[in-house]
Protein chains: 2
Amino acid sequence: MSGHKLSMKAVILAGGSGSRLWPMSRQQLPKQFLCLEGNQTLLEATISRLSPMVKRSDVVVVTSEAHATGEAFEALEGLQTILEPIGRNTAPAIALAAAWQMDFAGGDAVMLVLPADHLIKDVKAFQKCLVIARKAAEEDILVTFGIQPTRPDTGFGYIQTEGNADVRQVLRFAEKPDEATAERFLSEGGYYWNSGMFVWQASVILSEIEKHLPDLWAVLASIRAQWLQEPWQEVVRHRFAEMSSISIDYGIMEKSDKVRLVPADIGWSDVGSWDAVYDISHKDADGNVVNGEVLSLNCSNTLLRGSSRLLAAAGLEDIIAVETPDAILLCRRGESQSVREIVDAVKVRGGGEHFEHVTVKRPWGSYTVLDDKASGYKIKRIEVRPGSSLSLQSHQHRSEHWVVVSGVATVLRGDETFTVKKNESTYIPIGKKHRLENRSNMALQMIEVQVGDYLGEDDIERFEDSYGRVK
Amino acid sequence: MSGHKLSMKAVILAGGSGSRLWPMSRQQLPKQFLCLEGNQTLLEATISRLSPMVKRSDVVVVTSEAHATGEAFEALEGLQTILEPIGRNTAPAIALAAAWQMDFAGGDAVMLVLPADHLIKDVKAFQKCLVIARKAAEEDILVTFGIQPTRPDTGFGYIQTEGNADVRQVLRFAEKPDEATAERFLSEGGYYWNSGMFVWQASVILSEIEKHLPDLWAVLASIRAQWLQEPWQEVVRHRFAEMSSISIDYGIMEKSDKVRLVPADIGWSDVGSWDAVYDISHKDADGNVVNGEVLSLNCSNTLLRGSSRLLAAAGLEDIIAVETPDAILLCRRGESQSVREIVDAVKVRGGGEHFEHVTVKRPWGSYTVLDDKASGYKIKRIEVRPGSSLSLQSHQHRSEHWVVVSGVATVLRGDETFTVKKNESTYIPIGKKHRLENRSNMALQMIEVQVGDYLGEDDIERFEDSYGRVK
């Protein structure tokens, strides 16, 4: 259509589990699934800005099985996904997506590859770059987008180019440099940040993989042979781990003579730290970025982010403060890279604040832990979406008291089935098989008081589950 | 005894409702009732450090009715109190306490007057000062303790003295100075901070009140005539407000010729700000004062205080951070006086975080609000002390679901009385008279889920109450 031989498809890489925006991002809900501005997740924004060049139905998201069945369920709903059972860096993900395109999604196409967690402010400029890149890709070129560096950042790889063409010759890929080298790159000119965004034909990247990554190619070929016989999802689940972990930059881009760079002046940020969030955010007259329940007095150049509680700040300068229901981060601006170290220390401490939020999303809705500090009991607020149900389950070590505070619960308990309405309650004894359902068309909210000597999430035996979670 | 004509008594002024240590201090639980270090409240520490010179049974605490029947109940338990129905500054409180000593507590005595919320690190030195002051008081002197200034603080009144005697002549009282004046005081020498701690005979301060504050004296005389006929607590309740609000410094100390100063080098602090708390606290090698659930990385000269959640800090310098379950304060060190402004703004905002904590102490125990953000329901954890009971009450707008998680509840509901044990629940419908009791000798813990359209604390009709709260 529109004069193009090949249609255009997008592959969005959403497997990462970064901790650099902790405590907002967690291992179970990394930043691609967060709403940093407004109501859109970074993933959703990444898809939106492709319109109308690439339709939503022409997007495939490569992400991890754990995200898809866990907290990111909602963010991924209605999207075509390829689920990795294990993380294997970018080359296997891209190889699989290209092969999937060839075998299941209409054959060869121009394939735009994008990380799910970047921010692009100038969508028009971005779409202009896409037009240029698409044309180049149709001439068998592997296009990488290069971002004009604005500072000697040591956190990015650099790509050296020559000339002034829209589609530029690449001289070399340079790994993340030290500061002196980064400064030299900037003063020399011709260097771009490696954005991790690519455009190529599926067939062309596959033949480059065959040439430069023969081992990966062999596994892929075997997977392709098998998935013509069996459900492809199952084949991927069982065999993806056979591919070795390697990045597309290292495996292909640094080696192939088909690589060219399209300079992209598009207001790009990888949102890779709270400092980066500060940089891209709207500031008040005193340079403060303020979200949520915040009271600030005489503060300047701060990022203050409250969620559940009042954050009151006085006389702060160059401070980042991020409040979540179970953890608060404070750090000096310019030092947000130390969040990684903080997260490592949080892991070691063992309180679980690195792993998931107090509100945990589930395919059927969500639960929020309201009180788990004491021994002997634990309190949760449970929300079940209309038409959804939890698994048929039982617990060895706890009883549960349920009070419905809005909607209507349908409860299976042993051999009985009954409804529990707003302002009614019921009781699930230890060991009793039970299932909670919301058969209505409005949300169900329920308070659960668990009583028992052991209250871990792993005290659950599942007998039936709508989300494939029975082992 | 011990060679003294008069026994020694202590009056502790604990009526203040300071907000300067917000969010730890709240209007309902000001700093005299807080444990800033260890397990002792400042009030309790003030009493402890008098031993063995003044016995606990010779201490009377002047505080507000609101504190005594509210959150400070526990902190005041077992102490002799005089309850002010309304705050009236120090002169009326001291006048009343002196008259009470004369009329009800054994007649004339040497009376030590102390604020409840100061910190004294060198108890031995303090007790030496008491010996000196007692001797002077026996010679009809009004002793005030003066603190050697260590910095040109503009937050204190100053007292100018002459000579080098243990009991020194006072030249004048100077109001809180500006910085230049404060610096001059320090370089001139002979100036002391006004500590608000006094020693005198009850009879002597009363005759000075008669002389210098005749209006106050007249009201006091009338109250004394009346309380010989009626219960003194009731007389104070009904008539205290007739005394006009005036400080003992302004009313007596600046005017009387009986005033002398005892220099007190006793490691004193009024703990009047988070900066003051920082100054008096134990610091780690990097100058950090750390309490509670805190993870800090490369921080220096900070005060980091976590209570209920993880506070993670990286690269901070000269920052004060105080975390409580519903509010977090962040401020730059040296600027903690702006907490007052913050508290004013919190009041205006209307969330109630200036007023009370998430955990509210009551005479019968305490309750903790676990969830009150949603409409339609509210969740509390309720703890009832052994042998205590809540009032017989009913609610017009809410039902209550109770789940006992430890101990045994005795529940009166309408005409029934029954027990609810751990892992059992019960239900109180709208409008039903009910009462919760703990008749056992172990603590009762219960989760309450309130359901209703209006969930304010004021939806309560009390029919019987053990703590005088039936109107």
# chains A, B, ... in the order shown; residues from 1 in each chain; ligands from 1
>>> interface_residues(of="chain A", to="chain B", cutoff="6 Å", atoms="only C-alpha atoms", output="NGL selection string")
:A and (309-316 or 326-332)
>>> closest_residue(among="A:Gly106, A:Gly38, A:Pro263, A:Gly456", to="Ala165 (chain A)", atoms="only C-alpha atoms")
A:Pro263
>>> select_by_dssp(residues="region 157-226 of chain A", states="strand (DSSP E or B)", output="VMD selection string")
chain A and resid 158 to 162 168 to 174 191 to 201
>>> write_last_selection(atoms="N, CA, C and O atoms", output="PDB file, in the first residue's frame")
ATOM      1  N   TYR A 158      28.230   4.826  21.772  1.00  0.00           N
ATOM      2  CA  TYR A 158      28.278   5.865  20.750  1.00  0.00           C
ATOM      3  C   TYR A 158      28.504   5.222  19.387  1.00  0.00           C
ATOM      4  O   TYR A 158      29.108   4.152  19.284  1.00  0.00           O
ATOM      5  N   ILE A 159      28.028   5.876  18.346  1.00  0.00           N
ATOM      6  CA  ILE A 159      28.251   5.399  16.977  1.00  0.00           C
ATOM      7  C   ILE A 159      28.905   6.532  16.190  1.00  0.00           C
ATOM      8  O   ILE A 159      28.383   7.648  16.159  1.00  0.00           O
ATOM      9  N   GLN A 160      30.075   6.230  15.603  1.00  0.00           N
ATOM     10  CA  GLN A 160      30.776   7.249  14.808  1.00  0.00           C
ATOM     11  C   GLN A 160      30.332   7.161  13.347  1.00  0.00           C
ATOM     12  O   GLN A 160      30.262   6.067  12.791  1.00  0.00           O
ATOM     13  N   THR A 161      30.004   8.315  12.775  1.00  0.00           N
ATOM     14  CA  THR A 161      29.518   8.334  11.389  1.00  0.00           C
ATOM     15  C   THR A 161      30.366   9.294  10.565  1.00  0.00           C
ATOM     16  O   THR A 161      31.162  10.057  11.108  1.00  0.00           O
ATOM     17  N   GLU A 162      30.148   9.242   9.245  1.00  0.00           N
ATOM     18  CA  GLU A 162      30.764  10.289   8.427  1.00  0.00           C
ATOM     19  C   GLU A 162      29.747  10.835   7.440  1.00  0.00           C
ATOM     20  O   GLU A 162      28.765  10.176   7.100  1.00  0.00           O
ATOM     21  N   ARG A 168      23.338   7.753   6.982  1.00  0.00           N
ATOM     22  CA  ARG A 168      24.754   8.067   7.094  1.00  0.00           C
ATOM     23  C   ARG A 168      25.616   6.808   7.204  1.00  0.00           C
ATOM     24  O   ARG A 168      25.218   5.837   7.856  1.00  0.00           O
ATOM     25  N   GLN A 169      26.806   6.886   6.601  1.00  0.00           N
ATOM     26  CA  GLN A 169      27.788   5.808   6.755  1.00  0.00           C
ATOM     27  C   GLN A 169      28.210   5.681   8.216  1.00  0.00           C
ATOM     28  O   GLN A 169      28.435   6.685   8.887  1.00  0.00           O
ATOM     29  N   VAL A 170      28.357   4.431   8.665  1.00  0.00           N
ATOM     30  CA  VAL A 170      28.813   4.186  10.037  1.00  0.00           C
ATOM     31  C   VAL A 170      30.278   3.775  10.001  1.00  0.00           C
ATOM     32  O   VAL A 170      30.650   2.876   9.249  1.00  0.00           O
ATOM     33  N   LEU A 171      31.129   4.472  10.778  1.00  0.00           N
ATOM     34  CA  LEU A 171      32.544   4.106  10.845  1.00  0.00           C
ATOM     35  C   LEU A 171      32.795   3.054  11.908  1.00  0.00           C
ATOM     36  O   LEU A 171      33.494   2.083  11.691  1.00  0.00           O
ATOM     37  N   ARG A 172      32.178   3.252  13.094  1.00  0.00           N
ATOM     38  CA  ARG A 172      32.366   2.239  14.144  1.00  0.00           C
ATOM     39  C   ARG A 172      31.372   2.432  15.290  1.00  0.00           C
ATOM     40  O   ARG A 172      30.783   3.504  15.450  1.00  0.00           O
ATOM     41  N   PHE A 173      31.172   1.363  16.039  1.00  0.00           N
ATOM     42  CA  PHE A 173      30.417   1.397  17.286  1.00  0.00           C
ATOM     43  C   PHE A 173      31.403   1.506  18.432  1.00  0.00           C
ATOM     44  O   PHE A 173      32.362   0.748  18.492  1.00  0.00           O
ATOM     45  N   ALA A 174      31.182   2.453  19.339  1.00  0.00           N
ATOM     46  CA  ALA A 174      32.067   2.573  20.510  1.00  0.00           C
ATOM     47  C   ALA A 174      31.277   2.226  21.774  1.00  0.00           C
ATOM     48  O   ALA A 174      30.163   2.706  21.969  1.00  0.00           O
ATOM     49  N   TYR A 191      29.566  11.822  16.162  1.00  0.00           N
ATOM     50  CA  TYR A 191      29.205  10.710  17.053  1.00  0.00           C
ATOM     51  C   TYR A 191      27.738  10.834  17.471  1.00  0.00           C
ATOM     52  O   TYR A 191      27.253  11.938  17.733  1.00  0.00           O
ATOM     53  N   TYR A 192      27.079   9.704  17.553  1.00  0.00           N
ATOM     54  CA  TYR A 192      25.675   9.664  17.990  1.00  0.00           C
ATOM     55  C   TYR A 192      25.512   8.638  19.109  1.00  0.00           C
ATOM     56  O   TYR A 192      26.275   7.669  19.175  1.00  0.00           O
ATOM     57  N   TRP A 193      24.516   8.906  19.959  1.00  0.00           N
ATOM     58  CA  TRP A 193      24.154   7.892  20.957  1.00  0.00           C
ATOM     59  C   TRP A 193      23.431   6.752  20.263  1.00  0.00           C
ATOM     60  O   TRP A 193      22.566   6.980  19.401  1.00  0.00           O
ATOM     61  N   ASN A 194      23.779   5.572  20.675  1.00  0.00           N
ATOM     62  CA  ASN A 194      23.121   4.368  20.189  1.00  0.00           C
ATOM     63  C   ASN A 194      21.784   4.227  20.926  1.00  0.00           C
ATOM     64  O   ASN A 194      21.740   3.988  22.125  1.00  0.00           O
ATOM     65  N   SER A 195      20.688   4.384  20.178  1.00  0.00           N
ATOM     66  CA  SER A 195      19.373   4.441  20.820  1.00  0.00           C
ATOM     67  C   SER A 195      18.719   3.070  21.001  1.00  0.00           C
ATOM     68  O   SER A 195      17.732   2.947  21.721  1.00  0.00           O
ATOM     69  N   GLY A 196      19.250   2.089  20.293  1.00  0.00           N
ATOM     70  CA  GLY A 196      18.605   0.774  20.362  1.00  0.00           C
ATOM     71  C   GLY A 196      17.327   0.680  19.542  1.00  0.00           C
ATOM     72  O   GLY A 196      16.545  -0.246  19.725  1.00  0.00           O
ATOM     73  N   MET A 197      17.134   1.647  18.630  1.00  0.00           N
ATOM     74  CA  MET A 197      15.960   1.611  17.744  1.00  0.00           C
ATOM     75  C   MET A 197      16.438   1.303  16.331  1.00  0.00           C
ATOM     76  O   MET A 197      17.366   1.963  15.836  1.00  0.00           O
ATOM     77  N   PHE A 198      15.810   0.332  15.696  1.00  0.00           N
ATOM     78  CA  PHE A 198      16.271  -0.138  14.397  1.00  0.00           C
ATOM     79  C   PHE A 198      15.124  -0.289  13.408  1.00  0.00           C
ATOM     80  O   PHE A 198      13.977  -0.500  13.803  1.00  0.00           O
ATOM     81  N   VAL A 199      15.475  -0.205  12.110  1.00  0.00           N
ATOM     82  CA  VAL A 199      14.505  -0.523  11.061  1.00  0.00           C
ATOM     83  C   VAL A 199      15.223  -1.368  10.018  1.00  0.00           C
ATOM     84  O   VAL A 199      16.332  -1.022   9.588  1.00  0.00           O
ATOM     85  N   TRP A 200      14.604  -2.471   9.588  1.00  0.00           N
ATOM     86  CA  TRP A 200      15.153  -3.355   8.561  1.00  0.00           C
ATOM     87  C   TRP A 200      14.060  -4.263   8.042  1.00  0.00           C
ATOM     88  O   TRP A 200      12.972  -4.331   8.620  1.00  0.00           O
ATOM     89  N   GLN A 201      14.353  -4.949   6.978  1.00  0.00           N
ATOM     90  CA  GLN A 201      13.422  -5.991   6.537  1.00  0.00           C
ATOM     91  C   GLN A 201      13.647  -7.231   7.392  1.00  0.00           C
ATOM     92  O   GLN A 201      14.784  -7.563   7.738  1.00  0.00           O
TER      93      GLN A 201
END
>>> residues_around(residues="Tyr367 (chain A)", least_positions_apart="2", cutoff="8 Å", atoms="only C-alpha atoms", output="NGL selection string")
:A and (359-362 or 365 or 369 or 380-383)
>>> write_last_selection(atoms="all heavy atoms", output="PDB file, in the first residue's frame")
ATOM      1  N   THR A 359       0.583  -2.911  46.280  1.00  0.00           N
ATOM      2  CA  THR A 359      -0.528  -3.335  45.424  1.00  0.00           C
ATOM      3  C   THR A 359       0.042  -4.204  44.317  1.00  0.00           C
ATOM      4  O   THR A 359       0.897  -3.776  43.548  1.00  0.00           O
ATOM      5  CB  THR A 359      -1.267  -2.135  44.818  1.00  0.00           C
ATOM      6  OG1 THR A 359      -1.899  -1.409  45.875  1.00  0.00           O
ATOM      7  CG2 THR A 359      -2.333  -2.596  43.833  1.00  0.00           C
ATOM      8  N   VAL A 360      -0.417  -5.460  44.289  1.00  0.00           N
ATOM      9  CA  VAL A 360       0.106  -6.418  43.331  1.00  0.00           C
ATOM     10  C   VAL A 360      -0.986  -6.711  42.309  1.00  0.00           C
ATOM     11  O   VAL A 360      -2.096  -7.099  42.676  1.00  0.00           O
ATOM     12  CB  VAL A 360       0.528  -7.718  44.053  1.00  0.00           C
ATOM     13  CG1 VAL A 360       1.020  -8.752  43.051  1.00  0.00           C
ATOM     14  CG2 VAL A 360       1.599  -7.415  45.093  1.00  0.00           C
ATOM     15  N   LYS A 361      -0.658  -6.460  41.026  1.00  0.00           N
ATOM     16  CA  LYS A 361      -1.643  -6.723  39.984  1.00  0.00           C
ATOM     17  C   LYS A 361      -1.654  -8.195  39.645  1.00  0.00           C
ATOM     18  O   LYS A 361      -0.606  -8.845  39.611  1.00  0.00           O
ATOM     19  CB  LYS A 361      -1.314  -5.878  38.752  1.00  0.00           C
ATOM     20  CG  LYS A 361      -1.546  -4.415  39.004  1.00  0.00           C
ATOM     21  CD  LYS A 361      -1.239  -3.593  37.780  1.00  0.00           C
ATOM     22  CE  LYS A 361      -1.389  -2.117  38.112  1.00  0.00           C
ATOM     23  NZ  LYS A 361      -0.835  -1.266  37.066  1.00  0.00           N
ATOM     24  N   ARG A 362      -2.824  -8.699  39.382  1.00  0.00           N
ATOM     25  CA  ARG A 362      -3.001 -10.088  39.005  1.00  0.00           C
ATOM     26  C   ARG A 362      -3.930 -10.123  37.803  1.00  0.00           C
ATOM     27  O   ARG A 362      -4.673  -9.162  37.573  1.00  0.00           O
ATOM     28  CB  ARG A 362      -3.623 -10.875  40.170  1.00  0.00           C
ATOM     29  CG  ARG A 362      -2.657 -11.144  41.314  1.00  0.00           C
ATOM     30  CD  ARG A 362      -1.707 -12.262  40.917  1.00  0.00           C
ATOM     31  NE  ARG A 362      -0.766 -12.583  41.971  1.00  0.00           N
ATOM     32  CZ  ARG A 362       0.533 -12.306  41.934  1.00  0.00           C
ATOM     33  NH1 ARG A 362       1.036 -11.643  40.906  1.00  0.00           N
ATOM     34  NH2 ARG A 362       1.336 -12.670  42.906  1.00  0.00           N
ATOM     35  N   GLY A 365      -7.357  -9.082  38.734  1.00  0.00           N
ATOM     36  CA  GLY A 365      -7.571  -7.805  39.427  1.00  0.00           C
ATOM     37  C   GLY A 365      -6.322  -7.404  40.181  1.00  0.00           C
ATOM     38  O   GLY A 365      -5.249  -7.323  39.590  1.00  0.00           O
ATOM     39  N   VAL A 369      -1.681  -5.165  50.132  1.00  0.00           N
ATOM     40  CA  VAL A 369      -1.411  -5.577  51.509  1.00  0.00           C
ATOM     41  C   VAL A 369      -1.566  -4.348  52.401  1.00  0.00           C
ATOM     42  O   VAL A 369      -0.873  -3.355  52.231  1.00  0.00           O
ATOM     43  CB  VAL A 369       0.004  -6.154  51.640  1.00  0.00           C
ATOM     44  CG1 VAL A 369       0.315  -6.483  53.095  1.00  0.00           C
ATOM     45  CG2 VAL A 369       0.142  -7.394  50.766  1.00  0.00           C
ATOM     46  N   LYS A 380      -5.592  -7.789  53.605  1.00  0.00           N
ATOM     47  CA  LYS A 380      -5.499  -7.392  52.212  1.00  0.00           C
ATOM     48  C   LYS A 380      -6.809  -6.774  51.750  1.00  0.00           C
ATOM     49  O   LYS A 380      -7.874  -7.174  52.195  1.00  0.00           O
ATOM     50  CB  LYS A 380      -5.262  -8.615  51.318  1.00  0.00           C
ATOM     51  CG  LYS A 380      -3.884  -9.208  51.373  1.00  0.00           C
ATOM     52  CD  LYS A 380      -3.852 -10.409  50.432  1.00  0.00           C
ATOM     53  CE  LYS A 380      -2.474 -11.028  50.363  1.00  0.00           C
ATOM     54  NZ  LYS A 380      -2.491 -12.206  49.467  1.00  0.00           N
ATOM     55  N   ARG A 381      -6.689  -5.835  50.835  1.00  0.00           N
ATOM     56  CA  ARG A 381      -7.853  -5.401  50.073  1.00  0.00           C
ATOM     57  C   ARG A 381      -7.758  -6.101  48.720  1.00  0.00           C
ATOM     58  O   ARG A 381      -6.708  -6.053  48.067  1.00  0.00           O
ATOM     59  CB  ARG A 381      -7.831  -3.885  49.871  1.00  0.00           C
ATOM     60  CG  ARG A 381      -9.038  -3.370  49.109  1.00  0.00           C
ATOM     61  CD  ARG A 381      -9.016  -1.860  48.948  1.00  0.00           C
ATOM     62  NE  ARG A 381      -7.815  -1.415  48.274  1.00  0.00           N
ATOM     63  CZ  ARG A 381      -6.981  -0.493  48.753  1.00  0.00           C
ATOM     64  NH1 ARG A 381      -7.205   0.101  49.902  1.00  0.00           N
ATOM     65  NH2 ARG A 381      -5.893  -0.155  48.083  1.00  0.00           N
ATOM     66  N   ILE A 382      -8.833  -6.762  48.328  1.00  0.00           N
ATOM     67  CA  ILE A 382      -8.819  -7.540  47.089  1.00  0.00           C
ATOM     68  C   ILE A 382      -9.831  -6.945  46.118  1.00  0.00           C
ATOM     69  O   ILE A 382     -10.963  -6.666  46.498  1.00  0.00           O
ATOM     70  CB  ILE A 382      -9.165  -9.021  47.396  1.00  0.00           C
ATOM     71  CG1 ILE A 382      -8.046  -9.636  48.243  1.00  0.00           C
ATOM     72  CG2 ILE A 382      -9.392  -9.811  46.110  1.00  0.00           C
ATOM     73  CD1 ILE A 382      -8.321 -11.047  48.689  1.00  0.00           C
ATOM     74  N   GLU A 383      -9.385  -6.715  44.896  1.00  0.00           N
ATOM     75  CA  GLU A 383     -10.297  -6.216  43.869  1.00  0.00           C
ATOM     76  C   GLU A 383     -10.364  -7.236  42.739  1.00  0.00           C
ATOM     77  O   GLU A 383      -9.331  -7.648  42.217  1.00  0.00           O
ATOM     78  CB  GLU A 383      -9.826  -4.858  43.326  1.00  0.00           C
ATOM     79  CG  GLU A 383      -9.676  -3.832  44.429  1.00  0.00           C
ATOM     80  CD  GLU A 383      -9.606  -2.395  43.913  1.00  0.00           C
ATOM     81  OE1 GLU A 383      -9.956  -2.168  42.724  1.00  0.00           O
ATOM     82  OE2 GLU A 383      -9.199  -1.526  44.690  1.00  0.00           O
TER      83      GLU A 383
END
>>> residues_around(residues="region 138-143 of chain B", least_positions_apart="4", cutoff="10 Å", atoms="only C-alpha atoms", output="PyMOL selection string")
chain B and resi 4-6+109-110+112+130+132-134+167-168+197-205+208+252-253+256-262
>>> select_by_dssp(residues="region 218-382 of chain B", states="alpha helix (DSSP H)", output="PyMOL selection string")
chain B and resi 218-227+232-239+248+274-280+339-349
>>> write_last_selection(atoms="C-alpha atoms", output="PDB file, in the first residue's frame")
ATOM      1  CA  ALA B 218      -8.215  37.637  93.156  1.00  0.00           C
ATOM      2  CA  VAL B 219      -9.484  34.876  90.863  1.00  0.00           C
ATOM      3  CA  LEU B 220      -7.183  32.392  92.584  1.00  0.00           C
ATOM      4  CA  ALA B 221      -8.419  33.422  96.030  1.00  0.00           C
ATOM      5  CA  SER B 222     -12.005  32.928  94.916  1.00  0.00           C
ATOM      6  CA  ILE B 223     -11.182  29.521  93.428  1.00  0.00           C
ATOM      7  CA  ARG B 224      -9.457  28.503  96.686  1.00  0.00           C
ATOM      8  CA  ALA B 225     -12.469  29.544  98.731  1.00  0.00           C
ATOM      9  CA  GLN B 226     -14.684  27.460  96.485  1.00  0.00           C
ATOM     10  CA  TRP B 227     -12.517  24.335  96.267  1.00  0.00           C
ATOM     11  CA  TRP B 232     -11.256  20.909  93.411  1.00  0.00           C
ATOM     12  CA  GLN B 233     -11.067  19.296  89.941  1.00  0.00           C
ATOM     13  CA  GLU B 234     -14.566  20.538  89.159  1.00  0.00           C
ATOM     14  CA  VAL B 235     -13.796  24.015  90.432  1.00  0.00           C
ATOM     15  CA  VAL B 236     -10.693  24.193  88.224  1.00  0.00           C
ATOM     16  CA  ARG B 237     -12.645  22.901  85.253  1.00  0.00           C
ATOM     17  CA  HIS B 238     -15.293  25.566  85.600  1.00  0.00           C
ATOM     18  CA  ARG B 239     -13.284  28.560  86.682  1.00  0.00           C
ATOM     19  CA  ILE B 248       5.462  33.826  84.822  1.00  0.00           C
ATOM     20  CA  TRP B 274      14.549  18.908  64.419  1.00  0.00           C
ATOM     21  CA  ASP B 275      17.835  20.797  64.249  1.00  0.00           C
ATOM     22  CA  ALA B 276      17.975  20.668  68.050  1.00  0.00           C
ATOM     23  CA  VAL B 277      17.192  16.945  67.954  1.00  0.00           C
ATOM     24  CA  TYR B 278      20.065  16.510  65.505  1.00  0.00           C
ATOM     25  CA  ASP B 279      22.398  18.467  67.757  1.00  0.00           C
ATOM     26  CA  ILE B 280      21.727  16.399  70.861  1.00  0.00           C
ATOM     27  CA  VAL B 339       8.277  23.187  60.086  1.00  0.00           C
ATOM     28  CA  ARG B 340       5.829  25.614  61.686  1.00  0.00           C
ATOM     29  CA  GLU B 341       4.925  26.983  58.282  1.00  0.00           C
ATOM     30  CA  ILE B 342       4.631  23.460  56.942  1.00  0.00           C
ATOM     31  CA  VAL B 343       2.239  22.534  59.759  1.00  0.00           C
ATOM     32  CA  ASP B 344       0.147  25.620  59.023  1.00  0.00           C
ATOM     33  CA  ALA B 345      -0.056  24.546  55.395  1.00  0.00           C
ATOM     34  CA  VAL B 346      -0.965  20.996  56.439  1.00  0.00           C
ATOM     35  CA  LYS B 347      -3.836  22.391  58.508  1.00  0.00           C
ATOM     36  CA  VAL B 348      -5.130  24.436  55.593  1.00  0.00           C
ATOM     37  CA  ARG B 349      -4.878  21.410  53.331  1.00  0.00           C
TER      38      ARG B 349
END
>>> closest_residue(among="B:Val54, B:Val384, B:Ala241, B:Leu34", to="Asn89 (chain B)", atoms="only C-alpha atoms")
B:Ala241
>>> residues_around(residues="His67 (chain A)", least_positions_apart="6", cutoff="12 Å", atoms="only C-alpha atoms", output="JSON, numbers by chain")
{"A": [14, 15, 16, 17, 26, 27, 28, 29, 30, 31, 32, 33, 61, 73, 74, 75, 76, 77, 81, 82, 83, 84, 85, 86, 87, 356, 361, 362, 363]}
>>> write_last_selection(atoms="C-alpha atoms", output="PDB file, in the first residue's frame")
ATOM      1  CA  ALA A  14       9.609  -5.079  26.675  1.00  0.00           C
ATOM      2  CA  GLY A  15      11.507  -7.771  28.544  1.00  0.00           C
ATOM      3  CA  GLY A  16      13.662  -5.561  30.740  1.00  0.00           C
ATOM      4  CA  SER A  17      13.359  -5.521  34.494  1.00  0.00           C
ATOM      5  CA  ARG A  26      10.036  -2.983  40.828  1.00  0.00           C
ATOM      6  CA  GLN A  27      11.361  -6.257  39.564  1.00  0.00           C
ATOM      7  CA  GLN A  28       7.760  -7.336  38.937  1.00  0.00           C
ATOM      8  CA  LEU A  29       6.712  -4.040  37.362  1.00  0.00           C
ATOM      9  CA  PRO A  30       9.609  -2.431  35.510  1.00  0.00           C
ATOM     10  CA  LYS A  31       9.459   0.976  33.957  1.00  0.00           C
ATOM     11  CA  GLN A  32       7.940   0.068  30.579  1.00  0.00           C
ATOM     12  CA  PHE A  33       4.754  -0.731  32.513  1.00  0.00           C
ATOM     13  CA  VAL A  61       5.547  -7.075  22.009  1.00  0.00           C
ATOM     14  CA  PHE A  73      -0.931  -8.472  32.686  1.00  0.00           C
ATOM     15  CA  GLU A  74      -3.107  -5.417  32.421  1.00  0.00           C
ATOM     16  CA  ALA A  75      -0.544  -3.362  30.499  1.00  0.00           C
ATOM     17  CA  LEU A  76      -0.230  -6.150  27.936  1.00  0.00           C
ATOM     18  CA  GLU A  77      -3.920  -6.882  27.565  1.00  0.00           C
ATOM     19  CA  THR A  81       2.942 -10.891  22.443  1.00  0.00           C
ATOM     20  CA  ILE A  82       5.857 -13.239  22.081  1.00  0.00           C
ATOM     21  CA  LEU A  83       6.750 -14.488  25.539  1.00  0.00           C
ATOM     22  CA  GLU A  84      10.292 -15.326  26.498  1.00  0.00           C
ATOM     23  CA  PRO A  85      10.535 -17.927  29.251  1.00  0.00           C
ATOM     24  CA  ILE A  86      13.904 -16.415  30.211  1.00  0.00           C
ATOM     25  CA  GLY A  87      15.839 -13.246  29.340  1.00  0.00           C
ATOM     26  CA  GLU A 356       6.821  -5.922  44.056  1.00  0.00           C
ATOM     27  CA  LYS A 361      -1.643  -6.723  39.984  1.00  0.00           C
ATOM     28  CA  ARG A 362      -3.001 -10.088  39.005  1.00  0.00           C
ATOM     29  CA  PRO A 363      -4.805 -11.288  35.887  1.00  0.00           C
TER      30      PRO A 363
END
>>> decode(residues="region 421-435 of chain B", atoms="C-alpha atoms", output="short mmCIF file (atom, residue, chain, number, x, y, z; two decimals), in the first residue's frame")
data_model
loop_
_atom_site.label_atom_id
_atom_site.label_comp_id
_atom_site.auth_asym_id
_atom_site.auth_seq_id
_atom_site.Cartn_x
_atom_site.Cartn_y
_atom_site.Cartn_z
CA LYS B 421 -12.19 -15.52 70.10
CA LYS B 422 -9.16 -15.39 67.85
CA ASN B 423 -10.11 -16.28 64.27
CA GLU B 424 -13.80 -15.60 64.94
CA SER B 425 -15.85 -12.66 63.77
CA THR B 426 -19.04 -10.78 64.49
CA TYR B 427 -21.17 -8.03 63.01
CA ILE B 428 -22.69 -4.84 64.44
CA PRO B 429 -25.57 -3.53 62.29
CA ILE B 430 -26.27 0.18 61.85
CA GLY B 431 -28.03 1.69 64.87
CA LYS B 432 -27.42 -1.31 67.16
CA LYS B 433 -26.17 -0.49 70.67
CA HIS B 434 -22.93 -2.30 71.34
CA ARG B 435 -19.89 -2.39 73.54
#
